[in-house]
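Visitor: Just one file: coords-v3.tsv, with TSV, C-alpha atoms.
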chain	number	residue	atom	x	y	z
A	1	ASN	CA	126.96	-33.61	206.82
A	2	ALA	CA	126.47	-30.74	204.37
A	3	GLY	CA	126.03	-27.42	206.14
A	4	THR	CA	128.57	-28.36	208.82
A	5	TYR	CA	132.30	-28.70	209.35
A	6	LYS	CA	134.68	-30.15	211.95
A	7	ILE	CA	138.22	-28.93	212.36
A	8	ALA	CA	139.72	-31.41	214.90
A	9	GLN	CA	139.63	-35.21	215.06
A	10	GLY	CA	137.71	-36.86	217.85
A	11	ASP	CA	134.18	-37.33	218.99
A	12	ALA	CA	133.31	-33.59	219.11
A	13	ALA	CA	130.13	-32.56	217.32
A	14	CYS	CA	130.21	-30.95	213.87
A	15	VAL	CA	129.78	-27.18	213.82
A	16	MET	CA	126.94	-25.73	211.71
A	17	CYS	CA	127.61	-22.94	209.21
A	18	VAL	CA	126.30	-19.72	210.73
A	19	SER	CA	123.18	-18.05	209.36
A	20	GLY	CA	123.98	-16.09	206.21
A	21	LYS	CA	126.27	-18.91	204.98
A	22	TYR	CA	125.85	-22.38	203.52
A	23	SER	CA	127.90	-25.47	202.58
A	24	SER	CA	127.00	-28.31	200.21
A	25	ASN	CA	130.20	-30.27	201.05
A	26	PHE	CA	130.24	-33.45	203.16
A	27	GLY	CA	133.09	-33.98	205.57
A	28	ALA	CA	134.18	-30.35	205.53
A	29	VAL	CA	137.11	-29.71	207.87
A	30	ALA	CA	137.25	-25.88	207.83
A	31	GLU	CA	134.94	-22.95	208.44
A	32	ALA	CA	136.02	-21.59	205.05
A	33	SER	CA	133.90	-24.29	203.44
A	34	CYS	CA	130.84	-22.24	204.52
A	35	LEU	CA	130.14	-19.86	201.63
A	36	SER	CA	128.49	-16.45	202.14
A	37	CYS	CA	125.06	-15.68	200.72
A	38	LEU	CA	125.38	-13.20	197.85
A	39	ALA	CA	124.75	-9.50	198.44
A	40	GLY	CA	121.02	-8.80	198.11
A	41	THR	CA	120.11	-12.09	199.78
A	42	SER	CA	120.03	-13.40	203.34
A	43	SER	CA	119.53	-16.62	205.24
A	44	ARG	CA	118.32	-16.93	208.80
A	45	THR	CA	119.03	-20.67	208.86
A	46	ALA	CA	122.18	-22.04	210.51
A	47	GLY	CA	123.59	-25.09	208.77
A	48	ALA	CA	122.14	-24.23	205.36
A	49	VAL	CA	123.17	-26.86	202.81
A	50	SER	CA	122.79	-24.84	199.58
A	51	SER	CA	122.45	-21.31	198.16
A	52	ALA	CA	118.72	-22.01	197.80
A	53	TRP	CA	118.46	-21.12	201.46
A	54	CYS	CA	119.64	-17.54	200.58
A	55	GLN	CA	116.45	-15.59	199.85
A	56	PHE	CA	116.26	-12.28	197.93
A	57	CYS	CA	115.67	-9.21	200.10
A	58	GLU	CA	112.16	-7.80	199.77
A	59	GLY	CA	111.49	-4.28	198.49
A	60	GLY	CA	112.38	-1.66	201.10
A	61	LYS	CA	115.34	-3.78	202.32
A	62	PHE	CA	118.91	-4.52	201.28
A	63	SER	CA	121.82	-6.71	202.37
A	64	GLU	CA	125.55	-6.97	201.94
A	65	VAL	CA	127.57	-10.20	201.71
A	66	SER	CA	127.02	-12.91	204.35
A	67	SER	CA	123.95	-11.38	205.96
A	68	SER	CA	121.55	-13.28	208.13
A	69	THR	CA	118.91	-10.61	207.75
A	70	CYS	CA	118.04	-7.92	205.21
A	71	VAL	CA	118.34	-4.37	206.53
A	72	ASN	CA	115.40	-1.98	206.31
A	73	CYS	CA	115.71	1.27	204.38
A	74	VAL	CA	115.51	3.91	207.09
A	75	ALA	CA	112.35	5.94	207.66
A	76	GLY	CA	112.15	8.73	205.10
A	77	LYS	CA	113.36	6.49	202.29
A	78	TRP	CA	111.91	3.70	200.11
A	79	SER	CA	113.04	1.07	197.60
A	80	GLN	CA	111.05	-1.11	195.23
A	81	THR	CA	114.15	-3.13	194.27
A	82	GLU	CA	114.05	-6.82	195.27
A	83	GLY	CA	117.42	-8.31	196.02
A	84	ALA	CA	118.96	-4.89	196.68
A	85	SER	CA	122.62	-5.17	197.63
A	86	ALA	CA	123.43	-1.64	198.81
A	87	ILE	CA	121.99	1.20	200.88
A	88	SER	CA	122.17	3.41	197.78
A	89	THR	CA	119.07	1.64	196.44
A	90	CYS	CA	117.05	3.39	199.16
A	91	ILE	CA	115.53	6.53	197.61
A	92	SER	CA	114.68	9.66	199.60
A	93	CYS	CA	111.02	10.63	199.87
A	94	GLY	CA	112.02	14.15	198.82
A	95	MET	CA	111.21	17.58	200.21
A	96	GLY	CA	107.57	18.20	201.00
A	97	LYS	CA	107.05	14.58	202.03
A	98	TYR	CA	107.90	12.25	204.91
A	99	SER	CA	107.73	8.59	205.94
A	100	GLU	CA	107.80	7.50	209.57
A	101	ILE	CA	108.00	3.76	208.76
A	102	PRO	CA	111.31	1.97	207.93
A	103	GLY	CA	111.44	-0.65	205.18
A	104	VAL	CA	109.00	1.11	202.83
A	105	ALA	CA	108.75	-0.57	199.40
A	106	ILE	CA	106.63	1.91	197.41
A	107	SER	CA	106.81	5.67	197.00
A	108	THR	CA	103.16	6.13	197.94
A	109	ASN	CA	104.16	5.36	201.52
A	110	CYS	CA	105.91	8.73	201.46
A	111	LEU	CA	103.17	10.98	202.81
A	112	GLU	CA	102.67	14.55	201.64
A	113	CYS	CA	102.83	17.46	204.03
A	114	ASP	CA	99.33	18.83	204.52
A	115	ALA	CA	98.23	21.88	202.56
A	116	GLY	CA	99.35	24.97	204.44
A	117	LYS	CA	102.60	23.30	205.48
A	118	ILE	CA	105.97	22.85	203.80
A	119	SER	CA	109.05	20.75	204.41
A	120	GLU	CA	112.51	21.60	203.14
A	121	VAL	CA	113.95	18.41	204.60
A	122	ASN	CA	114.99	15.62	202.21
A	123	ALA	CA	114.28	12.07	203.43
A	124	SER	CA	112.22	13.31	206.38
A	125	ALA	CA	111.30	10.62	208.90
A	126	SER	CA	108.70	12.68	210.76
A	127	SER	CA	105.66	14.84	210.10
A	128	SER	CA	107.17	17.32	212.54
A	129	THR	CA	109.39	18.61	209.72
A	130	CYS	CA	106.22	19.92	207.99
A	131	VAL	CA	105.88	23.48	209.29
A	132	ASN	CA	103.13	26.06	208.77
A	133	CYS	CA	103.41	28.74	206.11
A	134	ILE	CA	103.69	32.12	207.81
A	135	ALA	CA	100.83	34.65	207.73
A	136	GLY	CA	100.49	36.19	204.27
A	137	LYS	CA	101.47	32.96	202.49
A	138	TYR	CA	99.88	29.62	201.61
A	139	SER	CA	100.81	26.23	200.16
A	140	THR	CA	99.27	23.20	198.46
A	141	PRO	CA	100.00	19.58	199.53
A	142	SER	CA	103.64	18.35	199.23
A	143	ALA	CA	104.87	21.91	198.66
A	144	THR	CA	108.50	22.79	199.25
A	145	SER	CA	107.85	26.54	199.44
A	146	CYS	CA	104.99	28.84	200.39
A	147	LYS	CA	103.41	31.20	197.85
A	148	ALA	CA	102.86	34.84	198.76
A	149	CYS	CA	99.37	36.36	198.74
A	150	HIS	CA	98.63	39.21	196.34
A	151	SER	CA	99.86	42.66	197.30
A	152	MET	CA	97.87	44.26	200.16
A	153	SER	CA	96.27	40.94	201.14
A	154	THR	CA	97.09	38.53	203.93
A	155	SER	CA	96.23	35.08	205.28
A	156	MET	CA	96.34	33.13	208.52
A	157	ALA	CA	99.46	31.07	209.25
A	158	GLY	CA	99.08	27.58	207.77
A	159	SER	CA	96.75	28.68	204.96
A	160	SER	CA	96.13	25.99	202.35
A	161	SER	CA	94.81	27.98	199.39
A	162	GLY	CA	95.11	31.32	197.64
A	163	MET	CA	91.43	31.79	198.47
A	164	ASN	CA	92.51	32.15	202.10
A	165	CYS	CA	94.21	35.43	201.13
A	166	VAL	CA	91.96	38.37	202.02
A	167	CYS	CA	92.36	42.12	201.58
A	168	VAL	CA	93.89	44.07	204.46
A	169	ARG	CA	92.19	47.06	206.04
A	170	GLY	CA	91.84	50.01	203.70
A	171	TYR	CA	91.73	47.74	200.64
A	172	THR	CA	88.91	45.74	199.07
A	173	GLY	CA	88.48	42.96	196.51
A	174	PRO	CA	87.37	39.31	196.20
A	175	ASP	CA	89.14	36.72	198.34
A	176	GLY	CA	92.21	35.36	196.56
A	177	ARG	CA	92.27	38.20	194.03
A	178	SER	CA	93.91	41.63	193.66
A	179	CYS	CA	93.03	44.27	196.25
A	180	MET	CA	92.35	47.93	195.44
A	181	PRO	CA	92.67	50.83	197.90
A	182	CYS	CA	89.56	52.53	199.21
A	183	ALA	CA	89.00	55.68	197.16
A	184	LEU	CA	89.17	59.19	198.61
A	185	GLY	CA	86.18	59.73	200.85
A	186	LYS	CA	85.94	56.03	201.81
A	187	PHE	CA	87.46	53.75	204.46
A	188	LYS	CA	87.50	50.07	205.54
A	189	GLU	CA	88.29	49.04	209.11
A	190	VAL	CA	88.17	45.24	208.72
A	191	VAL	CA	90.14	42.55	206.91
A	192	GLY	CA	88.25	40.74	204.13
A	193	SER	CA	86.26	41.28	200.95
A	194	SER	CA	83.70	43.75	202.32
A	195	SER	CA	83.22	47.04	200.51
A	196	CYS	CA	84.74	50.36	201.56
A	197	LEU	CA	82.34	52.61	203.48
A	198	ARG	CA	81.65	56.20	202.46
A	199	CYS	CA	82.41	59.07	204.82
A	200	ASN	CA	79.50	61.13	206.12
A	201	SER	CA	78.38	64.09	204.04
A	202	GLY	CA	80.85	66.96	204.05
A	203	LYS	CA	83.71	64.75	205.13
A	204	SER	CA	86.44	62.95	203.22
A	205	THR	CA	89.79	61.24	203.68
A	206	SER	CA	93.12	62.84	202.88
A	207	ALA	CA	94.45	59.79	201.00
A	208	GLU	CA	93.38	56.52	199.40
A	209	GLY	CA	93.45	53.33	201.48
A	210	SER	CA	92.05	54.82	204.71
A	211	THR	CA	91.54	52.29	207.50
A	212	LEU	CA	89.52	54.19	210.11
A	213	SER	CA	86.28	56.15	210.24
A	214	THR	CA	88.25	58.82	212.09
A	215	ASP	CA	90.21	59.38	208.88
A	216	CYS	CA	87.04	61.07	207.61
A	217	GLN	CA	87.40	64.78	208.35
A	218	LEU	CA	85.70	67.95	207.26
A	219	GLN	CA	87.09	68.88	203.87
A	220	CYS	CA	87.51	72.21	202.14
A	221	PRO	CA	84.84	72.34	199.40
A	222	SER	CA	85.57	73.10	195.77
A	223	GLY	CA	86.92	76.61	195.30
A	224	LEU	CA	88.63	76.56	198.70
A	225	THR	CA	91.84	74.90	199.84
A	226	GLY	CA	93.35	73.90	203.17
A	227	PRO	CA	94.20	70.85	205.32
A	228	SER	CA	91.62	68.25	206.32
A	229	GLY	CA	89.65	69.68	209.22
A	230	GLY	CA	90.39	73.28	208.08
A	231	PRO	CA	90.93	76.17	208.04
A	232	CYS	CA	90.03	76.78	204.40
A	233	SER	CA	90.96	79.72	202.17
A	234	SER	CA	89.58	80.73	198.79
A	235	CYS	CA	91.43	80.01	195.57
A	236	PRO	CA	92.97	83.28	194.30
A	237	ALA	CA	91.76	85.03	191.18
A	238	GLY	CA	92.79	83.16	188.04
A	239	LYS	CA	92.86	79.76	189.84
A	240	PHE	CA	90.13	77.22	190.51
A	241	LYS	CA	89.61	73.91	192.35
A	242	ILE	CA	86.97	71.45	191.21
A	243	GLU	CA	86.93	68.80	193.95
A	244	ALA	CA	86.55	68.92	197.70
A	245	GLY	CA	89.58	68.02	199.79
A	246	PRO	CA	92.99	69.27	200.87
A	247	ALA	CA	94.40	69.66	197.34
A	248	GLY	CA	95.73	73.07	196.37
A	249	CYS	CA	94.28	75.36	193.71
A	250	ALA	CA	96.61	73.95	191.09
A	251	ARG	CA	94.53	74.62	188.00
A	252	GLY	CA	94.81	78.02	186.40
A	253	CYS	CA	92.81	79.86	183.74
A	254	PRO	CA	94.25	79.94	180.21
A	255	ALA	CA	96.33	82.85	178.93
A	256	ASN	CA	94.66	86.29	178.95
A	257	ALA	CA	91.82	85.06	181.17
A	258	THR	CA	91.02	85.22	184.87
A	259	SER	CA	88.41	84.00	187.32
A	260	PRO	CA	86.84	85.32	190.53
A	261	VAL	CA	88.28	84.43	193.92
A	262	GLY	CA	86.99	81.01	195.05
A	263	SER	CA	86.29	79.68	191.53
A	264	THR	CA	85.30	76.02	191.16
A	265	SER	CA	85.53	75.38	187.42
A	266	MET	CA	87.18	76.50	184.20
A	267	ASP	CA	83.73	77.79	183.25
A	268	ASP	CA	84.39	80.59	185.77
A	269	CYS	CA	87.32	81.83	183.62
A	270	VAL	CA	86.55	84.97	181.57
A	271	CYS	CA	88.63	87.15	179.26
A	272	ASN	CA	90.67	89.95	180.84
A	273	SER	CA	90.01	93.61	179.99
A	274	GLY	CA	91.46	94.28	176.54
A	275	PHE	CA	90.81	90.71	175.42
A	276	THR	CA	87.76	89.04	173.89
A	277	SER	CA	86.37	85.71	172.79
A	278	ASP	CA	84.12	87.46	170.24
A	279	GLY	CA	81.10	86.88	172.44
A	280	ALA	CA	81.52	83.10	172.73
A	281	ALA	CA	81.69	81.46	176.16
A	282	THR	CA	85.14	80.04	175.54
A	283	ALA	CA	88.41	80.24	177.39
A	284	THR	CA	90.35	81.23	174.25
A	285	CYS	CA	90.86	84.97	174.59
A	286	THR	CA	92.50	87.15	171.93
A	287	ALA	CA	93.64	90.77	172.14
A	288	CYS	CA	91.30	93.57	171.03
A	289	ILE	CA	92.59	94.71	167.66
A	290	SER	CA	94.05	98.17	167.08
A	291	GLY	CA	91.30	100.78	167.10
A	292	THR	CA	89.18	98.92	169.68
A	293	TYR	CA	89.10	98.51	173.44
A	294	LYS	CA	87.29	96.55	176.17
A	295	ILE	CA	86.83	97.78	179.73
A	296	ASN	CA	85.14	94.89	181.51
A	297	LEU	CA	86.07	91.29	182.25
A	298	GLY	CA	84.07	88.78	180.26
A	299	HIS	CA	83.48	87.38	176.81
A	300	SER	CA	81.89	90.54	175.31
A	301	LEU	CA	83.04	92.11	172.05
A	302	CYS	CA	85.65	94.84	171.86
A	303	VAL	CA	84.26	98.40	171.33
A	304	SER	CA	85.49	100.51	168.40
A	305	CYS	CA	87.23	103.83	169.06
A	306	PRO	CA	85.36	106.97	167.86
A	307	ALA	CA	85.84	108.00	164.25
A	308	GLY	CA	89.25	109.46	163.47
A	309	SER	CA	90.96	107.82	166.47
A	310	ILE	CA	92.98	104.68	167.02
A	311	SER	CA	94.24	102.60	169.96
A	312	PRO	CA	96.99	100.00	170.56
A	313	LEU	CA	96.34	96.25	170.64
A	314	ALA	CA	94.63	94.98	173.80
A	315	SER	CA	93.43	98.42	174.88
A	316	LEU	CA	91.25	98.31	177.96
A	317	HIS	CA	89.87	101.87	178.17
A	318	PRO	CA	88.47	104.49	175.77
A	319	ALA	CA	91.24	106.86	176.91
A	320	ALA	CA	93.58	104.66	174.90
A	321	CYS	CA	91.90	105.97	171.74
A	322	VAL	CA	93.84	108.99	170.39
A	323	CYS	CA	93.50	111.06	167.23
A	324	ASN	CA	94.92	109.39	164.18
A	325	ALA	CA	97.32	111.02	161.69
A	326	GLY	CA	95.32	113.52	159.59
A	327	TYR	CA	92.98	114.22	162.51
A	328	ALA	CA	93.29	116.95	165.09
A	329	GLY	CA	91.99	117.19	168.63
A	330	GLU	CA	92.86	116.78	172.32
A	331	ASN	CA	91.25	113.37	172.80
A	332	SER	CA	89.32	110.66	171.00
A	333	SER	CA	85.97	112.41	171.39
A	334	SER	CA	87.06	115.54	169.47
A	335	CYS	CA	89.11	114.21	166.55
A	336	ALA	CA	88.30	116.16	163.36
A	337	PRO	CA	89.87	115.80	159.91
A	338	CYS	CA	92.45	118.41	158.89
A	339	GLU	CA	91.01	121.21	156.75
A	340	ARG	CA	91.92	121.47	153.11
A	341	GLY	CA	95.48	122.71	152.86
A	342	LYS	CA	96.54	121.42	156.28
A	343	PHE	CA	98.04	118.14	157.51
A	344	LYS	CA	99.08	116.19	160.64
A	345	GLU	CA	101.63	113.39	160.35
A	346	PHE	CA	101.60	111.88	163.86
A	347	VAL	CA	99.12	109.92	165.99
A	348	GLY	CA	97.95	111.59	169.17
A	349	PRO	CA	96.51	114.94	170.32
A	350	GLY	CA	97.56	118.00	168.33
A	351	ILE	CA	96.63	120.45	165.58
A	352	CYS	CA	96.90	120.20	161.82
Now that the file is in, can you turn its structure into structure tokens?
Guide:
Amino acid sequence: NAGTYKIAQGDAACVMCVSGKYSSNFGAVAEASCLSCLAGTSSRTAGAVSSAWCQFCEGGKFSEVSSSTCVNCVAGKWSQTEGASAISTCISCGMGKYSEIPGVAISTNCLECDAGKISEVNASASSSTCVNCIAGKYSTPSATSCKACHSMSTSMAGSSSGMNCVCVRGYTGPDGRSCMPCALGKFKEVVGSSSCLRCNSGKSTSAEGSTLSTDCQLQCPSGLTGPSGGPCSSCPAGKFKIEAGPAGCARGCPANATSPVGSTSMDDCVCNSGFTSDGAATATCTACISGTYKINLGHSLCVSCPAGSISPLASLHPAACVCNAGYAGENSSSCAPCERGKFKEFVGPGIC
């Protein structure tokens, strides 16, 4: 009969073509009369009498020539091709996904790694390849890499969203956003979005981003400088310090001006002796002109020398006033004009 063959003469039974093969010939005398099912098909039936018994492989399976069964694509791969004839038709699920079931016919059977986990394995056959993002990073579903939190923020291992990133100690800001350091005089001891706390009165921190209440120490007030906790020393004359803290007295008065020891503002700067701001409370100080002088510090006007006397620029004492040419005397208080018929060519004390 078709589907069988018999090699030797006699009363022995005919041999059926094995599964995966068929024969439509009657009276076949050789096994070669059994033809193989084509690649991409299979037949489980022994003694098949036609190729109609060779059925196409379903999606997720494939077969080579003369196969009695279609072979499943391995777990971690899938194929939607019916009648697939090679293993190459099985497509990897890809990184960030996995499939634990063999013979998968659609890509949706490749499951995504949960948010907070990543997988760098291609064609993964197990959820165990999905590993947690480390602290300070997070991921969305099916991710192949973890994203870093913003600078100075962190997150728990396995975090699934940027909103899980919170500011570290000493920094503050909304969850999932940029974090700013606590300002001088403030601190923050906890992780999260809470505000920085202010130090007690008279205390401050030595730097931004303080993390402990013990960072708050007594600070040198304005006009004094020194390390946190003291001792403090006054700013020298001509220097001032506006803010409290360990900063030095870096600011100085403008040219030709000075300030008292321990000054706290540029407003404390006044013109030096011999210099004036013409009575205005300004830090721009100019030299007293020739023939004038100024003894005291401050913004007052320069004083004119007595009649018949003169002084150099920026004079700071009346003794700088000496008799002018054409005037005789020992000092500025006794300068008299030369009498008719007499002269004096030089500046200073002397006779005509």
Visitor: Counting all atoms listed in the file, figure out which residue out of A:Ser210, A:Ser201, A:Ser79, A:Asn272 gets nearest to Tyr293 (chain A).
Guide: A:Asn272
Visitor: Hey, which of A:Ile101, A:Ile87, A:Ala2, A:Ala135 ends up closest to Ala48 (chain A)? Count only C-alpha atoms.
Guide: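 Among A:Ile101, A:Ile87, A:Ala2, A:Ala135, it is A:Ala2 that comes nearest to Ala48 (chain A).
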Visitor: Measuring between all atoms listed in the file, which one of A:Lys294, A:Ile106, A:Thr45, A:Val131 shows the shortest distance to Lys61 (chain A)?
Guide: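 Of the candidates, the smallest distance to Lys61 (chain A) is held by A:Ile106.
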Visitor: Could you tell me how far CA of Phe275 (chain A) sits from CA of Ala320 (chain A), in Å to one decimal place?
Guide: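 Atom-to-atom, CA of Ala320 (chain A) to CA of Phe275 (chain A), that is 14.2 Å.
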Visitor: Could you build a table of the residues in region 67-162 of chain A lying no more than 9 Å from region 172-195 of chain A, giving for each the nearest pair of atoms and their separation in Å rounded to one decimal place, using all atoms listed in the file, ordered by chain and ascending residue number, as a Markdown table?
Guide:
| residue | atom | partner | partner_atom | distance |
| --- | --- | --- | --- | --- |
| A:Cys149 | CA | A:Gly176 | CA | 7.6 |
| A:His150 | CA | A:Ser178 | CA | 5.9 |
| A:Ser151 | CA | A:Ser178 | CA | 7.1 |
| A:Met152 | CA | A:Cys179 | CA | 6.2 |
| A:Ser153 | CA | A:Cys179 | CA | 6.7 |
| A:Thr154 | CA | A:Val191 | CA | 8.6 |
| A:Ser161 | CA | A:Gly176 | CA | 8.3 |
| A:Gly162 | CA | A:Gly176 | CA | 5.1 |
Visitor: Would you mind listing what lies within 6 Å of Tyr327 (chain A) as a VMD selection string, with all atoms listed in the file counted and same-chain residues fewer than 2 positions away left out?
Guide: chain A and resid 323 to 325 335 to 338
Visitor: Draw an axis-aligned box tight on the listed atoms of region 240-257 of chain A, then pad every side by 5 Å and write out centre and edge lengths in Å to one decimal as lines of an AutoDock Vina configuration file.
Guide:
center_x = 91.6
center_y = 77.2
center_z = 189.9
size_x = 20.1
size_y = 28.3
size_z = 31.9
